[in-house]
$ cat input-v9.cif   # mmCIF, C-alpha atoms and all ligand atoms
data_run
loop_
_atom_site.label_atom_id
_atom_site.label_comp_id
_atom_site.auth_asym_id
_atom_site.auth_seq_id
_atom_site.Cartn_x
_atom_site.Cartn_y
_atom_site.Cartn_z
CA MET A 290 -4.82 4.87 23.38
CA SER A 291 -1.40 6.53 23.52
CA PRO A 292 -0.31 8.94 20.75
CA ALA A 293 1.01 7.00 17.77
CA GLY A 294 4.51 5.69 18.39
CA THR A 295 4.81 6.97 21.97
CA PRO A 296 5.42 4.22 24.49
CA ALA A 297 2.78 5.08 27.04
CA GLY A 298 4.57 3.68 30.05
CA SER A 299 6.70 0.91 31.47
CA PRO A 300 5.13 -2.31 32.61
CA ALA A 301 5.56 -3.21 36.25
CA GLY A 302 8.79 -5.09 36.88
CA THR A 303 10.80 -3.46 34.08
CA PRO A 304 14.19 -2.39 35.44
CA ALA A 305 14.75 1.38 35.53
CA GLY A 306 16.57 2.60 32.42
CA THR A 307 15.45 -0.36 30.31
CA PRO A 308 13.55 0.72 27.24
CA ALA A 309 10.26 -1.08 27.44
CA GLY A 310 6.85 0.30 26.82
CA LEU A 311 3.35 -0.09 25.69
CA ALA A 312 1.79 0.04 22.25
CA ASP A 313 -1.49 -0.80 20.59
CA LEU A 314 0.45 -3.06 18.21
CA VAL A 315 3.90 -4.61 18.54
CA VAL A 316 5.33 -6.00 15.30
CA VAL A 317 8.19 -8.51 15.39
CA GLY A 318 10.29 -8.23 12.22
CA SER A 319 10.95 -5.24 9.99
CA GLY A 320 10.74 -7.00 6.62
CA ILE A 321 8.02 -6.17 4.14
CA VAL A 322 5.38 -8.17 6.05
CA GLY A 323 6.19 -6.44 9.34
CA LEU A 324 6.35 -3.06 7.62
CA GLY A 325 2.96 -3.81 6.04
CA ALA A 326 1.53 -4.58 9.48
CA ALA A 327 2.97 -1.38 10.96
CA TYR A 328 1.63 0.64 8.01
CA ALA A 329 -1.86 -0.84 8.40
CA ALA A 330 -1.92 0.08 12.10
CA ALA A 331 -0.36 3.54 11.69
CA ARG A 332 -2.94 4.47 9.04
CA ARG A 333 -5.62 3.74 11.64
CA GLY A 334 -4.03 6.05 14.22
CA LEU A 335 -2.75 3.22 16.43
CA SER A 336 0.52 3.32 18.35
CA VAL A 337 3.06 0.85 16.91
CA ILE A 338 6.45 -0.50 17.99
CA VAL A 339 8.43 -2.58 15.46
CA VAL A 340 11.16 -4.76 16.97
CA ASP A 341 13.95 -6.31 14.89
CA ARG A 342 17.13 -8.00 16.02
CA ALA A 343 19.10 -6.53 13.11
CA ASP A 344 19.90 -2.83 12.79
CA ALA A 345 17.76 -2.39 9.66
CA PRO A 346 15.71 -4.66 7.40
CA VAL A 347 18.35 -7.16 6.27
CA GLY A 348 16.31 -10.25 5.45
CA ALA A 349 14.63 -11.47 2.28
CA THR A 350 13.06 -8.04 1.83
CA ILE A 351 16.33 -6.45 0.71
CA ARG A 352 17.76 -9.55 -1.01
CA ASN A 353 15.19 -10.07 -3.74
CA PHE A 354 14.67 -8.81 -7.30
CA GLY A 355 12.26 -6.01 -6.35
CA HIS A 356 9.86 -7.67 -8.75
CA LEU A 357 6.22 -7.25 -7.78
CA CYS A 358 4.85 -9.97 -10.01
CA ILE A 359 1.16 -9.37 -9.48
CA GLY A 360 -0.21 -10.62 -12.80
CA ALA A 361 1.58 -13.96 -12.43
CA GLN A 362 -0.36 -14.83 -9.25
CA ALA A 363 -3.62 -16.71 -8.88
CA GLY A 364 -6.22 -17.20 -6.15
CA GLU A 365 -5.43 -15.94 -2.64
CA ALA A 366 -1.97 -14.77 -3.74
CA ARG A 367 -3.52 -12.64 -6.48
CA ARG A 368 -5.91 -11.05 -3.99
CA TYR A 369 -3.03 -10.07 -1.69
CA ALA A 370 -0.97 -8.97 -4.70
CA ASP A 371 -3.73 -6.68 -5.97
CA ALA A 372 -4.11 -5.13 -2.51
CA SER A 373 -0.32 -4.78 -2.29
CA ARG A 374 -0.17 -3.01 -5.65
CA ASP A 375 -2.22 -0.08 -4.32
CA LEU A 376 -0.16 0.03 -1.13
CA TRP A 377 3.16 -0.07 -3.03
CA LEU A 378 2.03 2.82 -5.26
CA ARG A 379 0.89 4.86 -2.26
CA LEU A 380 4.08 4.13 -0.29
CA SER A 381 6.32 4.96 -3.22
CA ARG A 382 4.60 8.32 -3.61
CA ASP A 383 4.47 9.17 0.11
CA ALA A 384 7.83 7.70 1.14
CA GLY A 385 9.57 8.88 -2.03
CA PHE A 386 11.30 5.80 -3.41
CA TRP A 387 11.74 4.53 -6.98
CA LEU A 388 9.04 2.23 -8.28
CA ARG A 389 7.92 1.81 -11.87
CA GLU A 390 4.70 0.55 -13.43
CA SER A 391 6.70 -1.39 -15.97
CA GLY A 392 4.80 -4.64 -16.15
CA THR A 393 6.93 -7.73 -16.71
CA LEU A 394 8.44 -9.09 -19.91
CA VAL A 395 8.64 -12.78 -20.68
CA ALA A 396 11.07 -14.08 -23.31
CA ALA A 397 9.87 -17.24 -25.05
CA ARG A 398 12.48 -19.48 -26.70
CA HIS A 399 10.27 -22.43 -27.60
CA ALA A 400 6.75 -23.00 -28.92
CA ASP A 401 5.72 -24.65 -25.62
CA GLU A 402 6.52 -21.41 -23.76
CA VAL A 403 4.36 -19.46 -26.21
CA ALA A 404 1.58 -21.99 -25.65
CA VAL A 405 1.68 -21.49 -21.87
CA LEU A 406 1.65 -17.70 -22.30
CA GLU A 407 -1.21 -17.78 -24.81
CA HIS A 408 -3.28 -19.93 -22.48
CA ALA A 409 -2.80 -17.42 -19.64
CA ALA A 410 -3.23 -14.40 -21.92
CA ALA A 411 -6.71 -15.60 -22.85
CA GLU A 412 -7.80 -14.61 -19.32
CA GLY A 413 -6.60 -11.01 -19.80
CA GLY A 414 -3.85 -8.80 -18.34
CA ILE A 415 -1.14 -10.41 -20.50
CA ARG A 416 -0.31 -9.17 -24.01
CA MET A 417 1.52 -11.46 -26.43
CA LEU A 418 4.57 -9.91 -28.11
CA GLU A 419 6.16 -10.57 -31.48
CA THR A 420 9.91 -11.08 -31.32
CA ASP A 421 10.57 -7.62 -32.84
CA GLU A 422 8.60 -5.85 -30.17
CA LEU A 423 10.23 -7.87 -27.39
CA LEU A 424 13.65 -6.94 -28.80
CA ARG A 425 12.73 -3.25 -28.64
CA LEU A 426 11.89 -3.64 -24.94
CA ALA A 427 14.64 -6.06 -23.92
CA PRO A 428 18.21 -5.98 -25.28
CA LEU A 429 18.34 -9.70 -26.05
CA ARG A 430 19.98 -11.74 -28.79
CA ALA A 431 17.49 -12.35 -31.59
CA GLU A 432 18.61 -15.92 -32.25
CA GLY A 433 16.60 -18.46 -30.31
CA LEU A 434 13.72 -16.13 -29.49
CA VAL A 435 10.30 -17.11 -30.79
CA GLY A 436 8.16 -14.44 -29.11
CA GLY A 437 7.16 -13.25 -25.69
CA ALA A 438 4.60 -11.50 -23.57
CA HIS A 439 4.02 -8.46 -21.39
CA ILE A 440 2.31 -8.94 -18.00
CA GLU A 441 0.67 -5.59 -17.60
CA THR A 442 -0.07 -5.03 -13.90
CA ASP A 443 3.38 -5.67 -12.50
CA LEU A 444 5.66 -3.23 -10.71
CA GLN A 445 9.39 -2.99 -10.07
CA THR A 446 11.25 -1.37 -7.21
CA ASP A 447 14.76 -1.36 -5.76
CA PRO A 448 14.26 -3.50 -2.65
CA ARG A 449 17.12 -2.02 -0.64
CA ALA A 450 16.08 1.57 -1.23
CA ALA A 451 12.38 0.79 -0.77
CA ALA A 452 12.79 -0.92 2.61
CA SER A 453 14.82 1.89 4.14
CA ALA A 454 12.50 4.56 2.71
CA ILE A 455 9.46 2.77 4.19
CA VAL A 456 11.17 2.63 7.60
CA ARG A 457 11.84 6.39 7.42
CA HIS A 458 8.28 7.12 6.29
CA LEU A 459 6.72 5.00 9.03
CA SER A 460 8.96 6.72 11.58
CA HIS A 461 7.55 10.05 10.38
CA LEU A 462 4.06 8.62 10.85
CA GLY A 463 4.98 7.91 14.50
CA VAL A 464 5.96 4.24 14.34
CA GLU A 465 8.77 3.47 16.79
CA PHE A 466 11.51 1.12 15.55
CA ARG A 467 13.59 -0.82 18.04
CA PHE A 468 16.49 -2.31 16.12
CA ARG A 469 19.25 -4.52 17.51
CA THR A 470 16.60 -5.93 19.82
CA ALA A 471 15.71 -9.62 19.60
CA VAL A 472 12.31 -10.89 20.62
CA THR A 473 12.64 -13.93 22.86
CA ALA A 474 8.99 -14.74 23.63
CA VAL A 475 5.54 -13.64 22.56
CA SER A 476 2.22 -14.14 24.27
CA GLY A 477 -1.09 -12.34 24.27
CA GLY A 478 -0.43 -8.83 25.54
CA ARG A 479 3.32 -9.19 26.10
CA VAL A 480 6.48 -9.27 24.01
CA ASP A 481 9.74 -10.16 25.75
CA THR A 482 12.84 -8.70 24.17
CA THR A 483 16.56 -8.56 24.92
CA ARG A 484 15.92 -4.96 26.02
CA GLY A 485 12.93 -5.48 28.27
CA ALA A 486 9.27 -6.43 27.95
CA ILE A 487 6.69 -4.51 25.94
CA THR A 488 3.00 -4.53 26.77
CA ALA A 489 0.99 -4.87 23.59
CA GLY A 490 -2.67 -4.52 22.70
CA ALA A 491 -1.97 -6.91 19.84
CA VAL A 492 1.12 -8.60 18.39
CA VAL A 493 2.07 -9.47 14.82
CA VAL A 494 4.93 -11.93 14.34
CA ALA A 495 6.52 -11.44 10.91
CA VAL A 496 9.92 -13.12 11.20
CA ASN A 497 9.83 -15.14 7.96
CA HIS A 498 11.67 -18.49 8.25
CA ASP A 499 12.89 -17.68 11.76
CA ILE A 500 9.42 -18.58 13.00
CA ASP A 501 11.00 -21.98 13.74
CA GLN A 502 13.15 -20.30 16.39
CA LEU A 503 10.59 -17.96 17.96
CA LEU A 504 7.48 -20.17 17.73
CA PRO A 505 8.75 -23.67 16.83
CA GLU A 506 5.39 -25.33 17.48
CA VAL A 507 3.77 -23.12 14.81
CA ALA A 508 6.57 -23.79 12.33
CA GLU A 509 6.40 -27.53 12.91
CA ARG A 510 2.61 -27.71 12.67
CA VAL A 511 2.71 -25.90 9.31
CA GLY A 512 5.89 -27.58 8.09
CA VAL A 513 7.98 -24.45 7.55
CA VAL A 514 11.46 -25.05 6.13
CA ARG A 515 14.02 -22.68 4.62
CA CYS A 516 14.54 -22.05 0.92
CA ALA A 517 18.01 -20.62 0.21
CA LEU A 518 18.68 -18.77 -3.04
CA ASP A 519 21.86 -17.62 -4.78
CA MET A 520 21.77 -14.13 -6.31
CA MET A 521 24.18 -11.74 -7.98
CA ARG A 522 24.34 -8.15 -9.24
CA ALA A 523 26.49 -7.26 -12.23
CA ALA A 524 27.59 -4.26 -14.26
CA VAL A 525 26.42 -4.83 -17.84
CA THR A 526 26.73 -3.11 -21.20
CA LEU A 527 23.37 -3.34 -22.97
CA ARG A 528 22.36 -1.78 -26.29
CA HIS A 529 19.43 -0.16 -24.44
CA PRO A 530 17.93 -0.51 -20.95
CA LEU A 531 15.68 -3.41 -20.00
CA ALA A 532 12.19 -1.87 -19.94
CA ALA A 533 10.81 -4.19 -17.23
CA PRO A 534 11.73 -7.25 -15.16
CA LEU A 535 12.41 -10.18 -17.49
CA LEU A 536 11.18 -13.75 -16.96
CA THR A 537 11.91 -16.89 -19.00
CA GLY A 538 10.39 -20.32 -19.46
CA TRP A 539 12.07 -21.36 -16.21
CA SER A 540 9.87 -18.77 -14.46
CA LEU A 541 6.64 -19.91 -16.09
CA VAL A 542 6.80 -23.29 -14.40
CA ARG A 543 6.92 -21.61 -10.97
CA TYR A 544 4.23 -18.91 -10.74
CA GLY A 545 0.62 -19.77 -9.84
CA ARG A 546 -0.93 -18.16 -12.91
CA PHE A 547 1.09 -20.38 -15.27
CA ALA A 548 2.12 -23.36 -13.18
CA ASP A 549 -0.89 -25.66 -13.65
CA GLY A 550 -2.11 -27.45 -16.73
CA PRO A 551 -0.79 -29.87 -19.32
CA ALA A 552 1.06 -27.23 -21.37
CA THR A 553 3.12 -26.25 -18.33
CA ALA A 554 3.78 -29.89 -17.44
CA ALA A 555 5.13 -30.44 -20.96
CA LEU A 556 7.28 -27.31 -20.70
CA ARG A 557 8.72 -28.43 -17.36
CA GLU A 558 9.48 -31.87 -18.75
CA ARG A 559 11.32 -30.43 -21.76
CA LEU A 560 13.34 -27.96 -19.71
CA HIS A 561 14.39 -30.64 -17.26
CA ALA A 562 15.27 -33.12 -20.03
CA GLU A 563 17.29 -30.54 -22.00
CA ARG A 564 19.07 -28.94 -19.06
CA PRO A 565 19.33 -31.26 -16.05
CA ASP A 566 22.17 -29.06 -14.78
CA LEU A 567 19.86 -26.04 -14.51
CA ALA A 568 16.99 -28.19 -13.20
CA ALA A 569 19.33 -29.40 -10.43
CA LEU A 570 19.77 -25.76 -9.37
CA ASP A 571 15.96 -25.39 -9.36
CA LEU A 572 16.61 -22.35 -11.52
CA ASN A 573 14.29 -19.41 -12.02
CA GLN A 574 16.16 -17.62 -14.79
CA MET A 575 15.12 -13.98 -14.40
CA TYR A 576 16.52 -10.45 -14.35
CA THR A 577 15.74 -6.97 -13.10
CA GLN A 578 17.70 -3.85 -14.03
CA LEU A 579 18.11 -1.19 -11.35
CA PRO A 580 18.09 2.57 -12.02
CA ASP A 581 21.92 2.62 -11.88
CA GLY A 582 22.00 0.21 -14.84
CA THR A 583 23.20 -2.83 -12.93
CA LEU A 584 21.45 -6.13 -13.44
CA ILE A 585 20.17 -8.42 -10.66
CA ILE A 586 20.62 -11.98 -11.89
CA GLY A 587 19.21 -15.13 -10.34
CA ASP A 588 18.20 -17.44 -8.93
CA SER A 589 18.69 -20.96 -7.64
CA HIS A 590 16.65 -22.67 -4.89
CA SER A 591 17.71 -25.16 -2.24
CA THR A 592 15.31 -26.31 0.47
CA SER A 593 16.23 -27.61 3.93
CA THR A 594 15.76 -26.77 7.60
CA ALA A 595 19.32 -25.39 7.81
CA PRO A 596 20.77 -24.20 4.48
CA ASP A 597 24.46 -24.60 3.86
CA PRO A 598 26.01 -21.12 4.10
CA PHE A 599 28.61 -22.01 1.44
CA GLN A 600 27.36 -21.10 -2.01
CA PRO A 601 28.67 -23.37 -4.78
CA GLU A 602 30.26 -21.40 -7.62
CA ALA A 603 28.50 -23.66 -10.14
CA ALA A 604 25.26 -21.73 -9.64
CA PHE A 605 26.93 -18.38 -10.35
CA ALA A 606 28.77 -19.78 -13.37
CA ALA A 607 25.44 -21.00 -14.75
CA PHE A 608 23.78 -17.61 -14.11
CA LEU A 609 26.51 -15.85 -16.08
CA ALA A 610 26.55 -18.33 -18.96
CA GLU A 611 22.76 -18.17 -19.32
CA ALA A 612 22.72 -14.37 -19.07
CA GLU A 613 25.34 -14.08 -21.81
CA ALA A 614 23.42 -16.49 -24.02
CA LEU A 615 20.16 -14.54 -23.59
CA PHE A 616 21.31 -10.90 -23.60
CA ASP A 617 23.15 -9.25 -26.46
CA MET A 618 26.05 -8.09 -24.29
CA PRO A 619 29.68 -8.70 -23.46
CA ALA A 620 30.50 -10.66 -20.30
CA PRO A 621 28.94 -9.02 -17.21
CA ARG A 622 31.24 -7.77 -14.45
CA VAL A 623 30.01 -9.25 -11.16
CA LEU A 624 29.67 -6.67 -8.39
CA GLU A 625 28.00 -8.65 -5.63
CA ARG A 626 26.90 -12.18 -4.77
CA TRP A 627 24.58 -13.05 -1.90
CA GLN A 628 22.34 -15.66 -0.38
CA GLY A 629 18.71 -14.96 0.42
CA VAL A 630 16.40 -17.16 2.45
CA TYR A 631 12.63 -17.37 2.68
CA ALA A 632 10.13 -19.56 4.52
CA LYS A 633 8.68 -22.44 2.54
CA ALA A 634 5.70 -24.67 3.32
CA ALA A 635 3.01 -26.64 1.51
CA GLN A 636 0.62 -23.66 1.54
CA ASP A 637 1.67 -20.29 0.08
CA PHE A 638 0.89 -18.35 3.28
CA LEU A 639 1.22 -18.88 7.02
CA ILE A 640 -1.64 -17.12 8.81
CA ASP A 641 -1.89 -18.32 12.38
CA ARG A 642 -3.89 -17.01 15.31
CA GLY A 643 -2.00 -18.31 18.32
CA ASP A 644 -2.56 -16.81 21.74
CA GLU A 645 -5.30 -14.24 22.04
CA GLY A 646 -4.16 -11.09 20.23
CA VAL A 647 -1.17 -12.72 18.45
CA LEU A 648 -1.16 -13.05 14.68
CA VAL A 649 1.65 -14.87 12.86
CA LEU A 650 2.09 -13.96 9.18
CA ALA A 651 4.48 -15.14 6.49
CA ALA A 652 4.61 -15.75 2.78
CA THR A 653 5.75 -19.36 2.64
CA THR A 654 6.90 -19.26 -0.95
CA GLY A 655 8.99 -16.70 -2.84
CA ILE A 656 6.30 -14.07 -3.44
CA GLY A 657 6.34 -12.06 -0.23
CA MET A 658 7.49 -8.83 -1.89
CA THR A 659 4.51 -9.06 -4.23
CA THR A 660 1.95 -10.05 -1.61
CA GLY A 661 3.28 -9.03 1.83
CA LEU A 662 1.67 -5.59 2.15
CA GLY A 663 -1.75 -6.92 1.18
CA LEU A 664 -1.30 -10.04 3.33
CA ALA A 665 -0.76 -7.80 6.35
CA GLU A 666 -3.52 -5.32 5.51
CA GLU A 667 -6.21 -7.95 4.97
CA ASN A 668 -5.33 -10.25 7.85
CA LEU A 669 -4.78 -7.57 10.49
CA THR A 670 -8.11 -6.02 9.58
CA ALA A 671 -9.84 -9.40 9.92
CA ALA A 672 -7.99 -10.58 13.03
CA PHE A 673 -8.30 -7.39 15.04
CA GLY A 674 -11.69 -6.25 13.73
CA TRP A 675 -10.33 -2.97 12.43
CA ALA A 676 -12.32 -0.44 10.46
CA PRO A 677 -11.03 0.61 7.02
CA ALA A 678 -8.06 2.99 7.20
CA MET A 679 -8.59 6.73 6.76
CA GLU A 680 -6.97 7.17 3.35
CA GLY A 681 -5.34 10.54 2.91
CA SER A 682 -1.81 11.22 1.84
CA SER A 683 -0.01 9.14 4.45
C1 LIG A 701 16.72 -14.14 -3.26
C2 LIG A 701 15.27 -13.87 -3.14
C3 LIG A 701 14.56 -13.40 -4.22
C4 LIG A 701 13.20 -13.13 -4.11
N1 LIG A 701 12.54 -12.53 -5.14
C5 LIG A 701 11.26 -12.10 -4.95
C6 LIG A 701 10.62 -11.33 -5.93
O1 LIG A 701 11.21 -10.95 -6.95
N2 LIG A 701 9.29 -11.02 -5.75
C7 LIG A 701 8.62 -11.38 -4.63
O2 LIG A 701 7.44 -11.09 -4.51
N3 LIG A 701 9.26 -12.03 -3.62
C8 LIG A 701 10.55 -12.40 -3.76
N4 LIG A 701 11.19 -13.07 -2.75
C9 LIG A 701 10.44 -13.36 -1.51
C10 LIG A 701 10.37 -12.14 -0.60
O3 LIG A 701 11.59 -11.44 -0.61
C11 LIG A 701 10.02 -12.59 0.81
O4 LIG A 701 8.87 -13.42 0.76
C12 LIG A 701 9.70 -11.41 1.73
O5 LIG A 701 10.71 -10.41 1.63
C13 LIG A 701 9.58 -11.88 3.16
O6 LIG A 701 9.37 -10.74 3.98
P1 LIG A 701 9.31 -10.91 5.55
O7 LIG A 701 8.97 -9.58 6.12
O8 LIG A 701 8.41 -12.05 5.90
O9 LIG A 701 10.76 -11.43 5.97
P2 LIG A 701 12.20 -10.73 6.08
O10 LIG A 701 12.38 -9.64 5.10
O11 LIG A 701 13.19 -11.84 6.05
O12 LIG A 701 12.18 -10.05 7.52
C14 LIG A 701 12.11 -10.80 8.72
C15 LIG A 701 12.75 -9.97 9.80
O13 LIG A 701 12.53 -10.59 11.06
C16 LIG A 701 13.65 -10.35 11.88
N5 LIG A 701 13.65 -11.32 12.98
C17 LIG A 701 13.70 -12.67 12.88
N6 LIG A 701 13.62 -13.22 14.10
C18 LIG A 701 13.55 -12.20 14.99
C19 LIG A 701 13.45 -12.12 16.41
N7 LIG A 701 13.39 -13.23 17.18
N8 LIG A 701 13.41 -10.91 17.00
C20 LIG A 701 13.45 -9.78 16.24
N9 LIG A 701 13.53 -9.79 14.90
C21 LIG A 701 13.56 -10.99 14.28
C22 LIG A 701 14.83 -10.47 10.93
O14 LIG A 701 15.97 -9.79 11.44
C23 LIG A 701 14.27 -9.83 9.67
O15 LIG A 701 14.61 -8.46 9.56
C24 LIG A 701 12.53 -13.37 -2.86
C25 LIG A 701 13.24 -13.85 -1.77
C26 LIG A 701 14.60 -14.10 -1.90
C27 LIG A 701 15.34 -14.59 -0.69
#

$ encode --input "input-v9.cif" --output "structure tokens" --more "lines below"
Ligand SMILES: Cc1cc2nc3c(=O)[nH]c(=O)nc-3n(C[C@H](O)[C@H](O)[C@H](O)COP(=O)(O)OP(=O)(O)OC[C@H]3O[C@@H](n4cnc5c(N)ncnc54)[C@H](O)[C@@H]3O)c2cc1C
Amino acid sequence: MSPAGTPAGSPAGTPAGTPAGLADLVVVGSGIVGLGAAYAAARRGLSVIVVDRADAPVGATIRNFGHLCIGAQAGEARRYADASRDLWLRLSRDAGFWLRESGTLVAARHADEVAVLEHAAAEGGIRMLETDELLRLAPLRAEGLVGGAHIETDLQTDPRAAASAIVRHLSHLGVEFRFRTAVTAVSGGRVDTTRGAITAGAVVVAVNHDIDQLLPEVAERVGVVRCALDMMRAAVTLRHPLAAPLLTGWSLVRYGRFADGPATAALRERLHAERPDLAALDLNQMYTQLPDGTLIIGDSHSTSTAPDPFQPEAAFAAFLAEAEALFDMPAPRVLERWQGVYAKAAQDFLIDRGDEGVLVLAATTGIGMTTGLGLAEENLTAAFGWAPAMEGSS
């Protein structure tokens, strides 16, 4: 084995001067799933090269809410989310980025939302809130609120700061990053890139929705399409900070922990009947406040193989109107608008063993920030027969 992060040599046939190399693990994609794979390997003393065609993580990993919504997951997603929670806490401490153990707040504006929350709270990890307590934690308008809840295990980070801090930390651990380098083909033991071939002991492909370009047969077999989301960040004047990420009834109908059962079906039916305009946006009305006080506001969902790059203003107008109706604040001042995209399929995760030594991983619904680190840790360990990592301060 070569020292961690040191390309041990150039494969035969690589032109002189072309960066190529050799690593125990080559990771394609520097989003949270790829970073999770690199972290799992580096903690086991393996040499790792991460290849990304962009010059930094620029995909879904920096475009989301930074909401690690662990307690809203169920089943396999909850298992990955719980594993991710430990890894997020460790990375935040060792890589030195902002992350808070805030839990998540849910604002209920109708008895059917309270009913869904109470049903879930009976299983533990969710505390029901009276309206007064919710108002002390979230600077909302009192009118229309009927109660709420606090999901206790959840975390919040700033996705842009976290991704770049993790890249720096992994570099210090010896992981080599090759940015502005596209991977053009992957097979057992070899990764072809626009800057030469890399010989790999094992390969993890973590390219999110772009799996349909790199490995179209995998994407087609699993039915991966793209889900495009509108997002915005705004300067706001609140009477006090938002103590945690804030979900609404529109969120409850989406997350695994809440999404099944007759109470949720009734909630979905009412929301869609009352607000077909918001239902047409496939809205998840939710908010996170960053340490600088600005508010991330979102989001809409539109699914296709090739999303339209042109974002209709109607979605942003709806975001602002709904934010002003919910929060006790003057009109927000929009600072940024963007589109994010993630892979979507019938199952929540794509875990595919293709060629010998190649593992394809993706969250195929919008929970990769919450689950991606654990998804990588668990599946790399299983696929490559790794021993548990030596856990020190790394
Ligand atoms: C708007 C939005 C909001 C969201 N909110 C949340 C949230 O609050 N909580 C949550 O848990 N999840 C959320 N998600 C989902 C989450 O962000 C994603 O599931 C997760 O970030 C996906 O990580 P990834 O590493 O798979 O992909 P990405 O972060 O997209 O990274 C993939 C990388 O692969 C690279 N790549 C692609 N093809 C190639 C190639 N051929 N060669 C080299 N490099 C390549 C790309 O350049 C990119 O950097 C949200 C997503 C969006 C879009």

$ residues_around --input "input-v9.cif" --residues "region 615-628 of chain A" --least-positions-apart "4" --cutoff "8 Å" --atoms "all atoms listed in the file" --output "list in words"
Arg352, Pro428, Leu429, Arg430, Ala517, Leu518, Asp519, Met520, Met521, Arg522, Ala523, Ala524, Val525, Thr526, Leu527, Arg528, Pro598, Gln600, Leu609 and Glu611 of chain A

$ closest_atom_pairs --input "input-v9.cif" --of "chain A" --to "ligand LIG 701 (chain A)" --cutoff "7 Å" --atoms "all atoms listed in the file" --output "Markdown table"
| residue | atom | partner | partner_atom | distance |
| --- | --- | --- | --- | --- |
| A:Val317 | CA | A:LIG701 | C20 | 5.5 |
| A:Gly318 | CA | A:LIG701 | O13 | 3.5 |
| A:Ser319 | CA | A:LIG701 | O15 | 4.9 |
| A:Gly320 | CA | A:LIG701 | O7 | 3.2 |
| A:Ile321 | CA | A:LIG701 | O7 | 4.1 |
| A:Val322 | CA | A:LIG701 | O7 | 3.9 |
| A:Gly323 | CA | A:LIG701 | O7 | 5.3 |
| A:Val340 | CA | A:LIG701 | C20 | 5.6 |
| A:Asp341 | CA | A:LIG701 | N9 | 3.5 |
| A:Arg342 | CA | A:LIG701 | C20 | 4.1 |
| A:Ala343 | CA | A:LIG701 | O14 | 4.8 |
| A:Ala345 | CA | A:LIG701 | O15 | 6.8 |
| A:Pro346 | CA | A:LIG701 | O15 | 4.5 |
| A:Val347 | CA | A:LIG701 | O15 | 5.1 |
| A:Gly348 | CA | A:LIG701 | O11 | 3.6 |
| A:Ala349 | CA | A:LIG701 | O10 | 4.0 |
| A:Thr350 | CA | A:LIG701 | O5 | 3.3 |
| A:Ile351 | CA | A:LIG701 | O10 | 6.7 |
| A:Arg352 | CA | A:LIG701 | C1 | 5.2 |
| A:Asn353 | CA | A:LIG701 | C3 | 3.4 |
| A:Phe354 | CA | A:LIG701 | O1 | 4.1 |
| A:Gly355 | CA | A:LIG701 | O1 | 5.1 |
| A:His356 | CA | A:LIG701 | O1 | 4.0 |
| A:Leu357 | CA | A:LIG701 | O2 | 5.2 |
| A:Cys358 | CA | A:LIG701 | O2 | 6.2 |
| A:Thr470 | CA | A:LIG701 | C20 | 6.1 |
| A:Ala471 | CA | A:LIG701 | N8 | 3.7 |
| A:Val472 | CA | A:LIG701 | N8 | 3.8 |
| A:Thr473 | CA | A:LIG701 | N7 | 5.8 |
| A:Ala495 | CA | A:LIG701 | O8 | 5.4 |
| A:Val496 | CA | A:LIG701 | O13 | 3.6 |
| A:Asn497 | CA | A:LIG701 | O8 | 4.0 |
| A:Asp499 | CA | A:LIG701 | N6 | 5.1 |
| A:Ile500 | CA | A:LIG701 | N6 | 6.9 |
| A:Leu503 | CA | A:LIG701 | N7 | 5.6 |
| A:Ala517 | CA | A:LIG701 | C27 | 6.7 |
| A:Leu518 | CA | A:LIG701 | C1 | 5.0 |
| A:Asp519 | CA | A:LIG701 | C1 | 6.4 |
| A:Met520 | CA | A:LIG701 | C1 | 5.9 |
| A:Asp588 | CA | A:LIG701 | C1 | 6.7 |
| A:Gln628 | CA | A:LIG701 | C1 | 6.5 |
| A:Gly629 | CA | A:LIG701 | C27 | 3.6 |
| A:Val630 | CA | A:LIG701 | C27 | 4.2 |
| A:Tyr631 | CA | A:LIG701 | C27 | 5.1 |
| A:Ala651 | CA | A:LIG701 | O8 | 5.0 |
| A:Ala652 | CA | A:LIG701 | O4 | 5.3 |
| A:Thr653 | CA | A:LIG701 | O4 | 7.0 |
| A:Thr654 | CA | A:LIG701 | O4 | 6.4 |
| A:Gly655 | CA | A:LIG701 | C9 | 3.9 |
| A:Ile656 | CA | A:LIG701 | O2 | 3.4 |
| A:Gly657 | CA | A:LIG701 | O4 | 3.0 |
| A:Met658 | CA | A:LIG701 | O2 | 3.5 |
| A:Thr659 | CA | A:LIG701 | O2 | 3.6 |
| A:Thr660 | CA | A:LIG701 | O2 | 6.3 |
| A:Gly661 | CA | A:LIG701 | O6 | 6.7 |

$ atom_distance --input "input-v9.cif" --atom1 "CA of Glu602 (chain A)" --atom2 "CA of Val513 (chain A)"
27.1 Å

$ atom_distance --input "input-v9.cif" --atom1 "CA of Ser476 (chain A)" --atom2 "CA of Cys516 (chain A)"
27.6 Å

$ closest_residue --input "input-v9.cif" --among "A:Leu584, A:Ala396, A:Leu324, A:Val464" --to "Ile338 (chain A)" --atoms "only C-alpha atoms"
A:Val464

$ atom_distance --input "input-v9.cif" --atom1 "CA of Val480 (chain A)" --atom2 "CA of Arg642 (chain A)"
15.6 Å

$ residues_around --input "input-v9.cif" --residues "region 486-492 of chain A" --least-positions-apart "5" --cutoff "6 Å" --atoms "only C-alpha atoms" --output "list of chain:residue names"
A:Ala309, A:Gly310, A:Leu311, A:Ala312, A:Asp313, A:Leu314, A:Val315, A:Val316, A:Gly478, A:Arg479, A:Val480, A:Asp481, A:Gly646, A:Val647
